[in-house]
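Structure first, commentary second.
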Amino acid sequence: MSATPTTPEGAPAPPAPKTNRIGLPKANYEGGKSTLCLGCGHDVITKQIINAFYEMGIEPHKVAKFSGIGCSSKTPAYFLNRAWGFNGVHGRMPSAATGALVANSSLLGIGVSGDGDTASIGIGQFVHLVRRNLPLVYIIEDNGVYGLTKGQFSATADLGATQKSGAVNEFSPIDCCSLAIELGGTFVARSFSGDMKQLQTILEAAIAHKGTSVIDVISPCVTFNDHEGSTKSYKYSKEHETPVHEIGFVPFFEETLAEIPAGDTKEVAFPDGSVLKFRGVGRDYDPTDKEKALKTIHESHAKQEILTGILYIDPSKPSLSETLGATSEPLATLSLEKLRPGREALEQIMESLR
Amino acid sequence: MSSVLIETTSRAGAPGEAVVNDFSLQVATANGSGSQTANSVLMRSIFRMGVPVSGKNLFPSNIQGLPTWFTIRANKDGYIARKRDLDVLVCMNPETADDDVRELRAGAHVVYEKKLGLENPGKKRDDVTYYAVPFSELAVKITSAPEHAKLRKLIVNMIYVGVVAELMGIDPAETEKAIAKQLKGKQKAIDLNINAVRLGLEYAAQNFAAKIPFRVERMDATKGKIIIEGNMAAALGCVFGGATVCAWYPITPSSSLCESFIDFCDDLRVDPETKKKNVAILQAEDEIASIGMVLGAGWAGARSFTSTSGPGISLMSEYIGLGYYAEIPAVLFNVQRTGPSTGLPTRTMQGDILLCYFNSQGDTKHPLLFPASPEECFTMAQQAFDLAEQLQTPVFVMTDLDLGMNNWMSDAFPYPTAPLARGKVLDAAAIEKVKDTWGRYKDVDGDGIAYRTLPGTPNPYGAFLTRGSGHNEKAQYSEKQQDYVKNVDRLVKKFDTARSMVPKPEFQDRPGATAGLLAYGTSHYGTTEARDKLAATFGVTLDYCRLRSLPLQAEAVNWMRRHERIYVVEQNRDGQLVTILRDELPELATRFVSVRQYNGLPLDATTVIDGVRGDAPASGAGSDAQKGGIDA
């Protein structure tokens with residue numbers, strides 16, 4: 001370590017803030033103060049989002065944030081306040097994100113939703129978002145209950161789980177990950193707000209992915225769903241979290257290898273040169289084998305395991321932008337010359353109608 | 001009174017007396033039988049002879065086998081509203097033949113498929129004239145080749161075109177040109193269809209000495225004009241108006257708007273060098289998603305639109321409210337159909353005026369544009385994008401099934417020369433000048449319209465979070481009552497600003513008139529025809545105001561103040577516009593007389609004449625006059 005820098009006058013200078021690869025301090029990635037309950041899992045996710053965007057060196061103004069309605073959907077106000085955000089109506093964030101990102105494909109989209117916002121009221125738009133493979137980091141902050149309306153079950157609550165009041169959930173849960181894989185999802189992950197390192201790595205990889213990245217993050221609700229009998233409590237989640245692999249991510253701008261312990265690894269390359277490395281942890285799991293992934297997830301339900309990791313990945317499938325064949329220049333700001341055909345074009349059409 | 005009218009409007013009663021270029025002809029077929037091409041050819045042939053013409057397709061919500069009627073009205077004076085009574089019927093559908101004939105007025109003419117036996121004892125009417133044609137036998141003649149067998153059902157339609165052409169004096173040369181246009185480049189099909197027309201012509205010439213007295217004679221009233229559907233015209237307006245994002249969900253009667261947009265964009269919005277598209281078109285999973293996409297795109301700065309009908313608007317309501325409150329530009333074409341609920345999906349109505357004007361929860365009001373012609377579909381589509389961006393709010397273009405899906409004669413569209421009016425948008429440099437003092441919802445100009453910024457602009461001072469929840473001038477979340485009231489009061493101010501920006505009304509005043517007719521959209525045609533007939537036949541002189549948009553403009557209000565009685569003509573049961581007028585102009589409330597038609601058919605002049613004269617009309621039409629006994 002060198003000596004503390006000093007000013008010419010000899011007084012100690014404040015240390016220069018640490019910056020990322022594009023020279024920005026982490027403060028540029030932060031947002032407003034959270035108004036969620038103390039200890040809420042969502043705040044941990046917010047922090048990891050800030051870390052991931054900082055580490056990836058994304059210019060904040062190029063990010064577009066989206067959310068629906070619920071506790072989760074408040075969080076875009078708590079990160080990247082130098083980015084624009086769109087807080088849509090309940091369960092319908094994917095459509096707003098689709099319109100915005102199609103209108104300006106140079107934006108990097110991140111959507112934050114909840115289990116009610118995605119799996120209950122929003123299941124329709126979620127399904128079609130995944131089908132279309134819109135380039136969007138889509139995070140489900142999954143706690144199995146409606147927080148803002150005080151603790152009713154959502155569609156991801158496990159069969160037999162209990163509410164604080166003791167009421168028992170009588171319906172089978174929707175597993176957003178296996179659903180997303182079934183729908184042709186190209187990046188499907190599950191994590192746990194208590195596993196910060198894994199979550200940040202998944203987020204960084206999701207930022208590099210040019211398609212929809214579905215990240216279902218178990219994020220316990222400390223107020224309404226952290227009791228005995230809950231299957232989304234901190235305690236239960238910690239005890240049942242089962243990573244399927246260790247993940248290392250090497251973004252395109254880094255030449256060094258990811259910190260991943262030696263051993264048998266599988267690599268998946270992204271079109272931009274970024275590489276994901278997976279190392280098995282006591283089980284044979286291949287995140288590029290769709291059928292096996294589905295089978296393993298299904299089996300985990302019976303074993304009461306919460307499988308985490310990147311459960312399925314396929315960076316080769318075309319994203320919505322490619323499918324639409326639209327110009328890469330933002331449609332929003334195309335010049336009149338590119339938009340309005342000439343007089344002859346109109347005259348030709350008129351002639352065909354005479 | 002209705003009987004008087006019939007005599008005056010149908011001068012064709014007397015045998016032998018020819019009526020030139022003034023008739024209504026209906027073809028009754030089953031849908032899916034391929035009659036549409038034949039009907040278009042028939043209409044275009046008359047149009048090409050220089051005679052003003054309109055075509056209205058009355059079709060079922062079904063793909064094949066249910067009855068469908070196509071009505072062509074030709075009128076030398078340019079009246080193109082639907083006419084209640086038919087002069088000529090081509091009767092091809094066994095399912096409806098008996099009813100079709102029963103409903104004819106006395107003196108009408110019926111061309112029919114001989115097999116239907118309409119002149120058999122017990123069926124024949126003595127007061128109509130019949131022309132029996134063995135259509136299916138004739139069709140066999142020219143489709144005897146095995147490869148043509150499948151075409152037999154379709155070719156029958158072209159035979160009736162030939163028969164009608166011969167019986168009514170339509171120039172076969174124009175019919176052949178119309179076929180060539182319709183079947184562009186498919187020479188075998190053109191030849192076969194022309195042969196079918198000739199067969200019909202020959203049969204009629206050889207078998208009917210007496211022709212139909214309703215005659216088509218060449219005139220010069222369609223020169224330079226085009227025939228187009230309103231939906232296609234609106235789609236073209238979107239192309240020339242710079243729309244770049246279209247999100248839609250199929251629904252009758254609006255689907256052809258977005259489908260036309262897709263077709264036009266395939267030609268006109270592909271970069272010649274890169275072959276990339278300067279447009280993105282998304283077929284959404286439902287209308288909630290379409291409006292979400294449109295708002296997302298509008299927020300990002302694109303000119304975006306959707307087209308739908310009443311059921312779609314109902315589904316979109318929550319997001320429309322967000323568009324209003326978060327102030328995001330969007331254009332919605334509502335091609336109205338008959339509600340409530342699924343209603344009559346293939347019938348027309350001006351039934352969503354209140355639904356759209358006040359759409360979504362809380363206090364909301366939206367600008368509505370009322371195009372009355374394909375040309376206005378084209379121009380108002382463009383204006384709608386300007387208004388949406390200038391006012392930063394969803395704007396509704398209120399057409400209807402009649403305008404959207406029927407064939408209309410129109411002047412050729414004017415090439416737009418004005419640049420796109422993109423409203424108050426700050427770029428990075430402009431943001432740098434205002435920095436911290438900028439507020440997304442801050443009214444600095446006093447017109448209620450704040451300055452917006454677009455995501456992706458390289459200046460962090462411009463970033464903000466758009467939300468449908470309470471917000472202050474800085475776009476921050478706020479539940480403070482002062483912030484709330486200030487914001488919604490500013491939205492009222494903005495709506496007042498809109499009054500001077502939306503399309504102004506058109507007036508046709510006559511000396512000495514103290515009362516007037518007021519209509520909007522497609523109610524224009526029946527209303528203006530009625531106005532002329534009221535003057536000519538009953539000596540009732542009325543002024544006319546065609547409202548072209550809401551909110552109400554000063555010009556429209558002044559016109560209303562000048563008239564002691566105002567007949568508000570619209571196509572819905574409850575008098576939806578009159579409800580708004582009475583609410584917004586309470587001091588004039590008693591001057592309004594509501595005249596309505598709500599049977600799913602385009603407005604006819606008779607409804608308006610009856611409404612004004614206080615005569616009790618048939619069911620499905622109504623006016624205050626019948627209750628109040630008001631006499632104009």
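Each chain of the structure tokens is named A, B, ... in the order shown, its residues numbered from 1; ligands are numbered from 1 in display order.
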Legend entry - Who sits within 8 Å of range 541-555 of chain B, only C-alpha atoms, same chain under 5 positions skipped, as number ranges by chain: B: 366-371, 495-496, 498-500, 502-510, 512-521, 524, 528, 531, 534-535
Legend entry - Distance filter 7 Å, only C-alpha atoms, chain A against chain B, as a VMD selection string: chain A and resid 61 to 62 64 82 to 89 92 95 to 100 102 to 104 107 324 to 327 331 to 333 339 to 341 343 350 353 to 354
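When DSSP reads the backbone of this structure, the residues of range 14-140 of chain B it assigns to helix (DSSP H, G or I) are Ser35, Gln36, Thr37, Ala38, Asn39, Ser40, Val41, Leu42, Met43, Arg44, Ser45, Ile46, Phe47, Arg48, Ala97, Asp98, Asp99, Asp100, Val101, Arg102, Lys114, Lys115, Leu116, Phe135, Ser136, Glu137, Leu138, Ala139 and Val140 of chain B.
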Give one line per residue of range 4-76 of chain A that approaches range 113-137 of chain A to at most 12 Å, naming the two atoms of the closest pair and their distance in Å to one decimal, counting only C-alpha atoms; sort by chain then ascending residue number and deliver it as a Markdown table.
```
| residue | atom | partner | partner_atom | distance |
| --- | --- | --- | --- | --- |
| A:Gly41 | CA | A:Gly114 | CA | 11.8 |
| A:His42 | CA | A:Gly114 | CA | 9.7 |
| A:Ile45 | CA | A:Ser113 | CA | 11.8 |
| A:Ile49 | CA | A:Val137 | CA | 10.4 |
| A:Ala52 | CA | A:Val137 | CA | 11.7 |
| A:Phe53 | CA | A:Val137 | CA | 11.6 |
| A:Val63 | CA | A:Leu136 | CA | 10.4 |
| A:Ala64 | CA | A:Leu136 | CA | 9.5 |
| A:Lys65 | CA | A:Val137 | CA | 9.5 |
| A:Phe66 | CA | A:Ser113 | CA | 8.4 |
| A:Ser67 | CA | A:Ser113 | CA | 5.7 |
| A:Gly68 | CA | A:Ser113 | CA | 6.1 |
| A:Ile69 | CA | A:Asp117 | CA | 6.5 |
| A:Gly70 | CA | A:Gly114 | CA | 6.9 |
| A:Cys71 | CA | A:Gly114 | CA | 7.5 |
| A:Ser72 | CA | A:Gly114 | CA | 5.3 |
| A:Ser73 | CA | A:Ser113 | CA | 5.5 |
| A:Lys74 | CA | A:Ser113 | CA | 9.1 |
| A:Thr75 | CA | A:Ser113 | CA | 9.2 |
| A:Pro76 | CA | A:Ser113 | CA | 9.9 |
```
Legend entry - DSSP strand (DSSP E) selection over range 443-573 of chain B, as a ChimeraX atom specification: /B:452-453,465-467,506-508,515-520,543-547,549-550,565-570
Could you write out the selected residues, including C-alpha atoms, as a PDB file, in the first residue's frame?
```pdb
ATOM      1  CA  ARG B 452     -40.796  15.895 -21.100  1.00  0.00           C
ATOM      2  CA  THR B 453     -37.539  14.041 -21.643  1.00  0.00           C
ATOM      3  CA  LEU B 465     -39.702   7.666 -13.033  1.00  0.00           C
ATOM      4  CA  THR B 466     -43.059   7.612 -14.780  1.00  0.00           C
ATOM      5  CA  ARG B 467     -45.859   6.321 -12.615  1.00  0.00           C
ATOM      6  CA  GLU B 506     -67.425  22.811 -40.197  1.00  0.00           C
ATOM      7  CA  PHE B 507     -70.535  24.872 -40.759  1.00  0.00           C
ATOM      8  CA  GLN B 508     -73.071  25.086 -43.560  1.00  0.00           C
ATOM      9  CA  ALA B 515     -82.414  26.023 -35.851  1.00  0.00           C
ATOM     10  CA  GLY B 516     -79.650  23.676 -36.849  1.00  0.00           C
ATOM     11  CA  LEU B 517     -78.573  20.102 -37.251  1.00  0.00           C
ATOM     12  CA  LEU B 518     -75.420  18.952 -35.502  1.00  0.00           C
ATOM     13  CA  ALA B 519     -73.743  15.658 -36.402  1.00  0.00           C
ATOM     14  CA  TYR B 520     -70.346  14.009 -36.304  1.00  0.00           C
ATOM     15  CA  ASP B 543     -78.127  25.296 -40.501  1.00  0.00           C
ATOM     16  CA  TYR B 544     -75.586  22.531 -40.093  1.00  0.00           C
ATOM     17  CA  CYS B 545     -72.592  22.009 -37.837  1.00  0.00           C
ATOM     18  CA  ARG B 546     -70.318  19.022 -38.225  1.00  0.00           C
ATOM     19  CA  LEU B 547     -68.417  18.549 -35.012  1.00  0.00           C
ATOM     20  CA  SER B 549     -63.575  16.704 -32.284  1.00  0.00           C
ATOM     21  CA  LEU B 550     -63.863  17.021 -28.537  1.00  0.00           C
ATOM     22  CA  ARG B 565     -82.971  24.579 -31.434  1.00  0.00           C
ATOM     23  CA  ILE B 566     -80.237  22.123 -32.243  1.00  0.00           C
ATOM     24  CA  TYR B 567     -80.949  18.640 -33.522  1.00  0.00           C
ATOM     25  CA  VAL B 568     -78.044  16.465 -32.436  1.00  0.00           C
ATOM     26  CA  VAL B 569     -77.895  13.445 -34.708  1.00  0.00           C
ATOM     27  CA  GLU B 570     -75.976  10.378 -33.632  1.00  0.00           C
TER      28      GLU B 570
END
```
Inset, instruction - Please indicate the distance in Å from CA of Leu118 in chain B to CA of Val27 in chain B, rounded to one decimal place. - result: 15.6 Å
